[in-house]
>>> print(open('final19.tsv').read())   # TSV, N, CA and C atoms
chain	number	residue	atom	x	y	z
A	1410	MET	N	-14.10	29.71	-13.21
A	1410	MET	CA	-13.80	29.55	-11.80
A	1410	MET	C	-15.08	29.76	-10.99
A	1411	LYS	N	-15.28	28.88	-10.02
A	1411	LYS	CA	-16.49	28.96	-9.21
A	1411	LYS	C	-16.32	29.95	-8.07
A	1412	ASN	N	-17.41	30.56	-7.72
A	1412	ASN	CA	-17.48	31.44	-6.58
A	1412	ASN	C	-17.46	30.57	-5.31
A	1413	VAL	N	-16.85	31.06	-4.24
A	1413	VAL	CA	-16.78	30.30	-2.99
A	1413	VAL	C	-18.17	29.98	-2.47
A	1414	ASP	N	-19.09	30.93	-2.60
A	1414	ASP	CA	-20.45	30.69	-2.13
A	1414	ASP	C	-21.11	29.55	-2.90
A	1415	ASP	N	-20.81	29.46	-4.21
A	1415	ASP	CA	-21.34	28.36	-5.01
A	1415	ASP	C	-20.78	27.02	-4.53
A	1416	LEU	N	-19.49	27.02	-4.21
A	1416	LEU	CA	-18.87	25.79	-3.70
A	1416	LEU	C	-19.46	25.38	-2.35
A	1417	ILE	N	-19.71	26.37	-1.49
A	1417	ILE	CA	-20.31	26.08	-0.19
A	1417	ILE	C	-21.70	25.49	-0.37
A	1418	ASP	N	-22.49	26.07	-1.27
A	1418	ASP	CA	-23.83	25.55	-1.55
A	1418	ASP	C	-23.76	24.13	-2.11
A	1419	SER	N	-22.83	23.91	-3.03
A	1419	SER	CA	-22.68	22.57	-3.63
A	1419	SER	C	-22.25	21.55	-2.59
A	1420	ALA	N	-21.33	21.93	-1.73
A	1420	ALA	CA	-20.87	21.03	-0.68
A	1420	ALA	C	-21.99	20.69	0.29
A	1421	ALA	N	-22.80	21.69	0.64
A	1421	ALA	CA	-23.92	21.45	1.55
A	1421	ALA	C	-24.93	20.51	0.91
A	1422	GLU	N	-25.20	20.70	-0.37
A	1422	GLU	CA	-26.14	19.84	-1.08
A	1422	GLU	C	-25.64	18.39	-1.13
A	1423	LEU	N	-24.36	18.24	-1.42
A	1423	LEU	CA	-23.78	16.89	-1.49
A	1423	LEU	C	-23.77	16.23	-0.11
A	1424	ALA	N	-23.50	17.02	0.93
A	1424	ALA	CA	-23.50	16.49	2.29
A	1424	ALA	C	-24.91	16.03	2.69
A	1425	GLU	N	-25.91	16.77	2.26
A	1425	GLU	CA	-27.30	16.40	2.54
A	1425	GLU	C	-27.67	15.09	1.87
A	1426	HIS	N	-27.03	14.80	0.73
A	1426	HIS	CA	-27.29	13.54	0.02
A	1426	HIS	C	-26.51	12.38	0.62
A	1427	GLY	N	-25.74	12.65	1.69
A	1427	GLY	CA	-25.04	11.59	2.40
A	1427	GLY	C	-23.63	11.29	1.93
A	1428	LEU	N	-23.06	12.13	1.09
A	1428	LEU	CA	-21.70	11.91	0.64
A	1428	LEU	C	-20.71	12.24	1.74
A	1429	SER	N	-19.63	11.48	1.81
A	1429	SER	CA	-18.58	11.75	2.79
A	1429	SER	C	-17.75	12.94	2.31
A	1430	LYS	N	-16.92	13.45	3.19
A	1430	LYS	CA	-16.09	14.60	2.82
A	1430	LYS	C	-15.12	14.24	1.71
A	1431	GLY	N	-14.64	13.01	1.71
A	1431	GLY	CA	-13.76	12.56	0.64
A	1431	GLY	C	-14.46	12.53	-0.70
A	1432	GLU	N	-15.71	12.06	-0.70
A	1432	GLU	CA	-16.50	12.02	-1.93
A	1432	GLU	C	-16.85	13.43	-2.40
A	1433	ILE	N	-17.13	14.31	-1.44
A	1433	ILE	CA	-17.42	15.71	-1.79
A	1433	ILE	C	-16.18	16.35	-2.40
A	1434	ALA	N	-15.02	16.06	-1.83
A	1434	ALA	CA	-13.76	16.60	-2.37
A	1434	ALA	C	-13.56	16.14	-3.81
A	1435	ASP	N	-13.81	14.86	-4.06
A	1435	ASP	CA	-13.67	14.33	-5.42
A	1435	ASP	C	-14.67	14.98	-6.38
A	1436	GLU	N	-15.89	15.12	-5.92
A	1436	GLU	CA	-16.95	15.67	-6.77
A	1436	GLU	C	-16.68	17.13	-7.13
A	1437	LEU	N	-16.19	17.90	-6.17
A	1437	LEU	CA	-15.95	19.33	-6.40
A	1437	LEU	C	-14.54	19.61	-6.88
A	1438	ASN	N	-13.71	18.57	-6.96
A	1438	ASN	CA	-12.32	18.70	-7.39
A	1438	ASN	C	-11.54	19.67	-6.50
A	1439	VAL	N	-11.68	19.44	-5.18
A	1439	VAL	CA	-10.94	20.23	-4.19
A	1439	VAL	C	-10.28	19.25	-3.23
A	1440	SER	N	-9.40	19.75	-2.37
A	1440	SER	CA	-8.75	18.88	-1.39
A	1440	SER	C	-9.76	18.47	-0.31
A	1441	ARG	N	-9.42	17.43	0.42
A	1441	ARG	CA	-10.29	16.95	1.49
A	1441	ARG	C	-10.46	18.01	2.58
A	1442	GLU	N	-9.39	18.73	2.87
A	1442	GLU	CA	-9.46	19.79	3.88
A	1442	GLU	C	-10.40	20.92	3.42
A	1443	THR	N	-10.31	21.25	2.14
A	1443	THR	CA	-11.19	22.29	1.60
A	1443	THR	C	-12.64	21.84	1.64
A	1444	ALA	N	-12.89	20.58	1.30
A	1444	ALA	CA	-14.26	20.05	1.36
A	1444	ALA	C	-14.79	20.11	2.78
A	1445	SER	N	-13.95	19.76	3.74
A	1445	SER	CA	-14.35	19.82	5.15
A	1445	SER	C	-14.70	21.25	5.55
A	1446	TRP	N	-13.86	22.20	5.13
A	1446	TRP	CA	-14.10	23.60	5.42
A	1446	TRP	C	-15.41	24.07	4.79
A	1447	LEU	N	-15.65	23.66	3.55
A	1447	LEU	CA	-16.87	24.07	2.85
A	1447	LEU	C	-18.12	23.55	3.56
A	1448	VAL	N	-18.08	22.29	3.99
A	1448	VAL	CA	-19.23	21.70	4.68
A	1448	VAL	C	-19.45	22.39	6.02
A	1449	GLU	N	-18.36	22.66	6.75
A	1449	GLU	CA	-18.49	23.35	8.03
A	1449	GLU	C	-19.01	24.77	7.83
A	1450	ARG	N	-18.54	25.43	6.77
A	1450	ARG	CA	-18.97	26.80	6.48
A	1450	ARG	C	-20.46	26.84	6.16
A	1451	ALA	N	-20.94	25.76	5.53
A	1451	ALA	CA	-22.36	25.69	5.19
A	1451	ALA	C	-23.21	25.40	6.42
A	1452	GLY	N	-22.56	24.96	7.50
A	1452	GLY	CA	-23.29	24.64	8.72
A	1452	GLY	C	-24.03	23.33	8.63
A	1453	GLY	N	-23.67	22.52	7.64
A	1453	GLY	CA	-24.38	21.26	7.42
A	1453	GLY	C	-23.61	20.06	7.88
A	1454	ASN	N	-23.37	19.97	9.17
A	1454	ASN	CA	-22.68	18.79	9.69
A	1454	ASN	C	-23.55	18.16	10.76
A	1455	ASP	N	-24.54	17.39	10.31
A	1455	ASP	CA	-25.43	16.75	11.27
A	1455	ASP	C	-24.73	15.56	11.91
A	1456	GLY	N	-25.31	14.98	12.91
A	1456	GLY	CA	-24.70	13.88	13.64
A	1456	GLY	C	-24.41	12.67	12.80
A	1457	SER	N	-25.29	12.34	11.85
A	1457	SER	CA	-25.08	11.15	11.04
A	1457	SER	C	-23.87	11.29	10.13
A	1458	ALA	N	-23.63	12.48	9.60
A	1458	ALA	CA	-22.47	12.69	8.74
A	1458	ALA	C	-21.19	12.60	9.55
A	1459	ALA	N	-21.21	13.14	10.77
A	1459	ALA	CA	-20.03	13.07	11.63
A	1459	ALA	C	-19.74	11.63	12.01
A	1460	LYS	N	-20.79	10.85	12.29
A	1460	LYS	CA	-20.61	9.45	12.65
A	1460	LYS	C	-20.10	8.65	11.46
A	1461	ALA	N	-20.59	8.94	10.27
A	1461	ALA	CA	-20.13	8.24	9.07
A	1461	ALA	C	-18.66	8.52	8.81
A	1462	ASP	N	-18.22	9.76	9.02
A	1462	ASP	CA	-16.81	10.09	8.82
A	1462	ASP	C	-15.94	9.44	9.89
A	1463	ALA	N	-16.46	9.30	11.11
A	1463	ALA	CA	-15.69	8.68	12.18
A	1463	ALA	C	-15.50	7.18	11.92
A	1464	ASP	N	-16.44	6.56	11.21
A	1464	ASP	CA	-16.35	5.12	10.93
A	1464	ASP	C	-15.42	4.80	9.78
A	1465	THR	N	-15.08	5.78	8.96
A	1465	THR	CA	-14.22	5.53	7.81
A	1465	THR	C	-12.78	5.88	8.15
A	1466	THR	N	-11.88	5.34	7.37
A	1466	THR	CA	-10.48	5.66	7.58
A	1466	THR	C	-10.14	6.96	6.85
A	1467	ALA	N	-9.15	7.64	7.33
A	1467	ALA	CA	-8.74	8.90	6.73
A	1467	ALA	C	-7.92	8.64	5.47
A	1468	ASP	N	-8.07	9.53	4.50
A	1468	ASP	CA	-7.26	9.45	3.31
A	1468	ASP	C	-5.84	9.89	3.63
A	1469	ILE	N	-4.88	9.25	2.99
A	1469	ILE	CA	-3.51	9.68	3.14
A	1469	ILE	C	-2.91	9.89	1.75
A	1470	HIS	N	-1.87	10.68	1.70
A	1470	HIS	CA	-1.19	10.93	0.43
A	1470	HIS	C	0.16	10.24	0.47
A	1471	VAL	N	0.46	9.45	-0.56
A	1471	VAL	CA	1.75	8.80	-0.68
A	1471	VAL	C	2.44	9.36	-1.92
A	1472	ASP	N	3.61	9.92	-1.73
A	1472	ASP	CA	4.38	10.45	-2.85
A	1472	ASP	C	5.23	9.32	-3.42
A	1473	TRP	N	4.67	8.61	-4.41
A	1473	TRP	CA	5.37	7.46	-4.98
A	1473	TRP	C	6.60	7.87	-5.76
A	1474	SER	N	6.68	9.12	-6.19
A	1474	SER	CA	7.87	9.54	-6.92
A	1474	SER	C	9.11	9.49	-6.03
A	1475	ALA	N	8.94	9.70	-4.73
A	1475	ALA	CA	10.07	9.61	-3.80
A	1475	ALA	C	10.60	8.18	-3.75
A	1476	LEU	N	9.74	7.21	-3.95
A	1476	LEU	CA	10.16	5.82	-3.97
A	1476	LEU	C	11.01	5.53	-5.21
A	1477	GLY	N	10.59	6.03	-6.34
A	1477	GLY	CA	11.29	5.77	-7.59
A	1477	GLY	C	12.60	6.52	-7.73
A	1478	ARG	N	12.78	7.60	-6.98
A	1478	ARG	CA	14.01	8.38	-7.08
A	1478	ARG	C	15.16	7.78	-6.30
A	1479	ASP	N	14.86	6.85	-5.42
A	1479	ASP	CA	15.91	6.27	-4.56
A	1479	ASP	C	15.98	4.77	-4.81
A	1480	SER	N	17.12	4.31	-5.32
A	1480	SER	CA	17.25	2.89	-5.68
A	1480	SER	C	17.15	1.98	-4.46
A	1481	THR	N	17.58	2.45	-3.31
A	1481	THR	CA	17.49	1.62	-2.10
A	1481	THR	C	16.03	1.42	-1.71
A	1482	ARG	N	15.25	2.49	-1.73
A	1482	ARG	CA	13.82	2.38	-1.42
A	1482	ARG	C	13.12	1.47	-2.43
A	1483	LEU	N	13.46	1.64	-3.68
A	1483	LEU	CA	12.86	0.83	-4.73
A	1483	LEU	C	13.19	-0.65	-4.54
A	1484	THR	N	14.42	-0.93	-4.14
A	1484	THR	CA	14.83	-2.31	-3.87
A	1484	THR	C	14.01	-2.90	-2.72
A	1485	TYR	N	13.85	-2.13	-1.64
A	1485	TYR	CA	13.06	-2.61	-0.50
A	1485	TYR	C	11.60	-2.89	-0.90
A	1486	ALA	N	11.03	-1.98	-1.68
A	1486	ALA	CA	9.64	-2.16	-2.12
A	1486	ALA	C	9.52	-3.39	-3.01
A	1487	ALA	N	10.47	-3.58	-3.91
A	1487	ALA	CA	10.44	-4.74	-4.80
A	1487	ALA	C	10.59	-6.04	-4.02
A	1488	ARG	N	11.46	-6.05	-3.03
A	1488	ARG	CA	11.63	-7.25	-2.20
A	1488	ARG	C	10.36	-7.56	-1.41
A	1489	ALA	N	9.70	-6.52	-0.90
A	1489	ALA	CA	8.46	-6.74	-0.15
A	1489	ALA	C	7.37	-7.31	-1.07
A	1490	MET	N	7.26	-6.78	-2.28
A	1490	MET	CA	6.26	-7.30	-3.21
A	1490	MET	C	6.59	-8.73	-3.64
A	1491	ALA	N	7.86	-9.00	-3.87
A	1491	ALA	CA	8.27	-10.35	-4.25
A	1491	ALA	C	7.96	-11.33	-3.13
A	1492	ASP	N	8.17	-10.92	-1.88
A	1492	ASP	CA	7.88	-11.77	-0.74
A	1492	ASP	C	6.38	-12.06	-0.66
A	1493	LEU	N	5.55	-11.03	-0.87
A	1493	LEU	CA	4.11	-11.23	-0.85
A	1493	LEU	C	3.67	-12.18	-1.96
A	1494	LEU	N	4.23	-12.03	-3.14
A	1494	LEU	CA	3.88	-12.89	-4.27
A	1494	LEU	C	4.34	-14.32	-4.03
A	1495	ALA	N	5.49	-14.50	-3.41
A	1495	ALA	CA	6.02	-15.84	-3.15
A	1495	ALA	C	5.09	-16.62	-2.22
A	1496	LYS	N	4.45	-15.92	-1.31
A	1496	LYS	CA	3.52	-16.58	-0.37
A	1496	LYS	C	2.21	-16.99	-1.03
A	1497	GLU	N	1.91	-16.42	-2.21
A	1497	GLU	CA	0.68	-16.74	-2.92
A	1497	GLU	C	0.82	-18.01	-3.75
A	1498	GLY	N	2.04	-18.46	-3.98
A	1498	GLY	CA	2.26	-19.68	-4.74
A	1498	GLY	C	2.07	-19.45	-6.24
A	1499	GLU	N	1.62	-20.48	-6.92
A	1499	GLU	CA	1.47	-20.44	-8.38
A	1499	GLU	C	0.15	-19.80	-8.83
A	1500	SER	N	-0.71	-19.45	-7.90
A	1500	SER	CA	-2.04	-18.95	-8.27
A	1500	SER	C	-2.06	-17.47	-8.64
A	1501	VAL	N	-0.91	-16.81	-8.63
A	1501	VAL	CA	-0.84	-15.38	-8.92
A	1501	VAL	C	-0.96	-15.15	-10.41
A	1502	ASP	N	-1.86	-14.27	-10.80
A	1502	ASP	CA	-2.03	-13.91	-12.20
A	1502	ASP	C	-1.61	-12.45	-12.37
A	1503	LEU	N	-0.56	-12.23	-13.13
A	1503	LEU	CA	-0.06	-10.87	-13.32
A	1503	LEU	C	-0.44	-10.35	-14.66
>>> encode(input="final19.tsv", output="structure tokens")
Amino acid sequence: MKNVDDLIDSAAELAEHGLSKGEIADELNVSRETASWLVERAGGNDGSAAKADADTTADIHVDWSALGRDSTRLTYAARAMADLLAKEGESVDL
């Protein structure tokens, strides 16, 4: 298990190399919120990093298991995918 100070140092180093908070989260195997906290704690949030994060879209979490547990939701999702595929014609490769 890593020490919090080690994580803060690692996050600051990764931020200095230009990685986004999402990439830092992936690299350190922590949540995006934790990565953001680590970078802020390190005091390493220069203007360019803030601008880069503002230009990107935020990550979202989708619980796909909730879709599979409900047959009505699954039916709607299947119909939507079938509709999208129908508009592609014969060029779809599955």
>>> closest_residue(input="final19.tsv", among="A:Ala1495, A:Ala1434, A:Ile1469, A:Val1448", to="Asp1418 of chain A", atoms="only C-alpha atoms")
A:Val1448
>>> residues_around(input="final19.tsv", residues="Ser1419 of chain A", least_positions_apart="4", cutoff="10 Å", atoms="only C-alpha atoms", output="PDB file with N, CA and C atoms, in the frame of the given file")
ATOM      1  N   VAL A1413     -16.850  31.060  -4.240  1.00  0.00           N
ATOM      2  CA  VAL A1413     -16.780  30.300  -2.990  1.00  0.00           C
ATOM      3  C   VAL A1413     -18.170  29.980  -2.470  1.00  0.00           C
ATOM      4  N   ASP A1414     -19.090  30.930  -2.600  1.00  0.00           N
ATOM      5  CA  ASP A1414     -20.450  30.690  -2.130  1.00  0.00           C
ATOM      6  C   ASP A1414     -21.110  29.550  -2.900  1.00  0.00           C
ATOM      7  N   ASP A1415     -20.810  29.460  -4.210  1.00  0.00           N
ATOM      8  CA  ASP A1415     -21.340  28.360  -5.010  1.00  0.00           C
ATOM      9  C   ASP A1415     -20.780  27.020  -4.530  1.00  0.00           C
ATOM     10  N   LEU A1423     -24.360  18.240  -1.420  1.00  0.00           N
ATOM     11  CA  LEU A1423     -23.780  16.890  -1.490  1.00  0.00           C
ATOM     12  C   LEU A1423     -23.770  16.230  -0.110  1.00  0.00           C
ATOM     13  N   ALA A1424     -23.500  17.020   0.930  1.00  0.00           N
ATOM     14  CA  ALA A1424     -23.500  16.490   2.290  1.00  0.00           C
ATOM     15  C   ALA A1424     -24.910  16.030   2.690  1.00  0.00           C
ATOM     16  N   GLU A1425     -25.910  16.770   2.260  1.00  0.00           N
ATOM     17  CA  GLU A1425     -27.300  16.400   2.540  1.00  0.00           C
ATOM     18  C   GLU A1425     -27.670  15.090   1.870  1.00  0.00           C
ATOM     19  N   ILE A1433     -17.130  14.310  -1.440  1.00  0.00           N
ATOM     20  CA  ILE A1433     -17.420  15.710  -1.790  1.00  0.00           C
ATOM     21  C   ILE A1433     -16.180  16.350  -2.400  1.00  0.00           C
ATOM     22  N   GLU A1436     -15.890  15.120  -5.920  1.00  0.00           N
ATOM     23  CA  GLU A1436     -16.950  15.670  -6.770  1.00  0.00           C
ATOM     24  C   GLU A1436     -16.680  17.130  -7.130  1.00  0.00           C
ATOM     25  N   LEU A1437     -16.190  17.900  -6.170  1.00  0.00           N
ATOM     26  CA  LEU A1437     -15.950  19.330  -6.400  1.00  0.00           C
ATOM     27  C   LEU A1437     -14.540  19.610  -6.880  1.00  0.00           C
ATOM     28  N   LEU A1447     -15.650  23.660   3.550  1.00  0.00           N
ATOM     29  CA  LEU A1447     -16.870  24.070   2.850  1.00  0.00           C
ATOM     30  C   LEU A1447     -18.120  23.550   3.560  1.00  0.00           C
ATOM     31  N   VAL A1448     -18.080  22.290   3.990  1.00  0.00           N
ATOM     32  CA  VAL A1448     -19.230  21.700   4.680  1.00  0.00           C
ATOM     33  C   VAL A1448     -19.450  22.390   6.020  1.00  0.00           C
ATOM     34  N   ALA A1451     -20.940  25.760   5.530  1.00  0.00           N
ATOM     35  CA  ALA A1451     -22.360  25.690   5.190  1.00  0.00           C
ATOM     36  C   ALA A1451     -23.210  25.400   6.420  1.00  0.00           C
TER      37      ALA A1451
END
>>> closest_residue(input="final19.tsv", among="A:Ile1417, A:Glu1422, A:Gly1452, A:Trp1473", to="Val1439 of chain A", atoms="only C-alpha atoms")
A:Ile1417
>>> atom_distance(input="final19.tsv", atom1="atom CA of Leu1494 of chain A", atom2="atom CA of Leu1476 of chain A")
19.7 Å
>>> atom_distance(input="final19.tsv", atom1="atom C of His1470 of chain A", atom2="atom C of His1426 of chain A")
26.8 Å
>>> closest_residue(input="final19.tsv", among="A:Ser1480, A:Asp1468, A:Leu1416, A:Val1501", to="Lys1430 of chain A", atoms="only C-alpha atoms")
A:Asp1468
>>> atom_distance(input="final19.tsv", atom1="atom C of Glu1432 of chain A", atom2="atom CA of Asp1472 of chain A")
21.4 Å
>>> select_by_dssp(input="final19.tsv", residues="chain A", states="helix (DSSP H, G or I)", output="PyMOL selection string")
chain A and resi 1413-1425+1430-1437+1441-1451+1456-1464+1473-1477+1480-1500
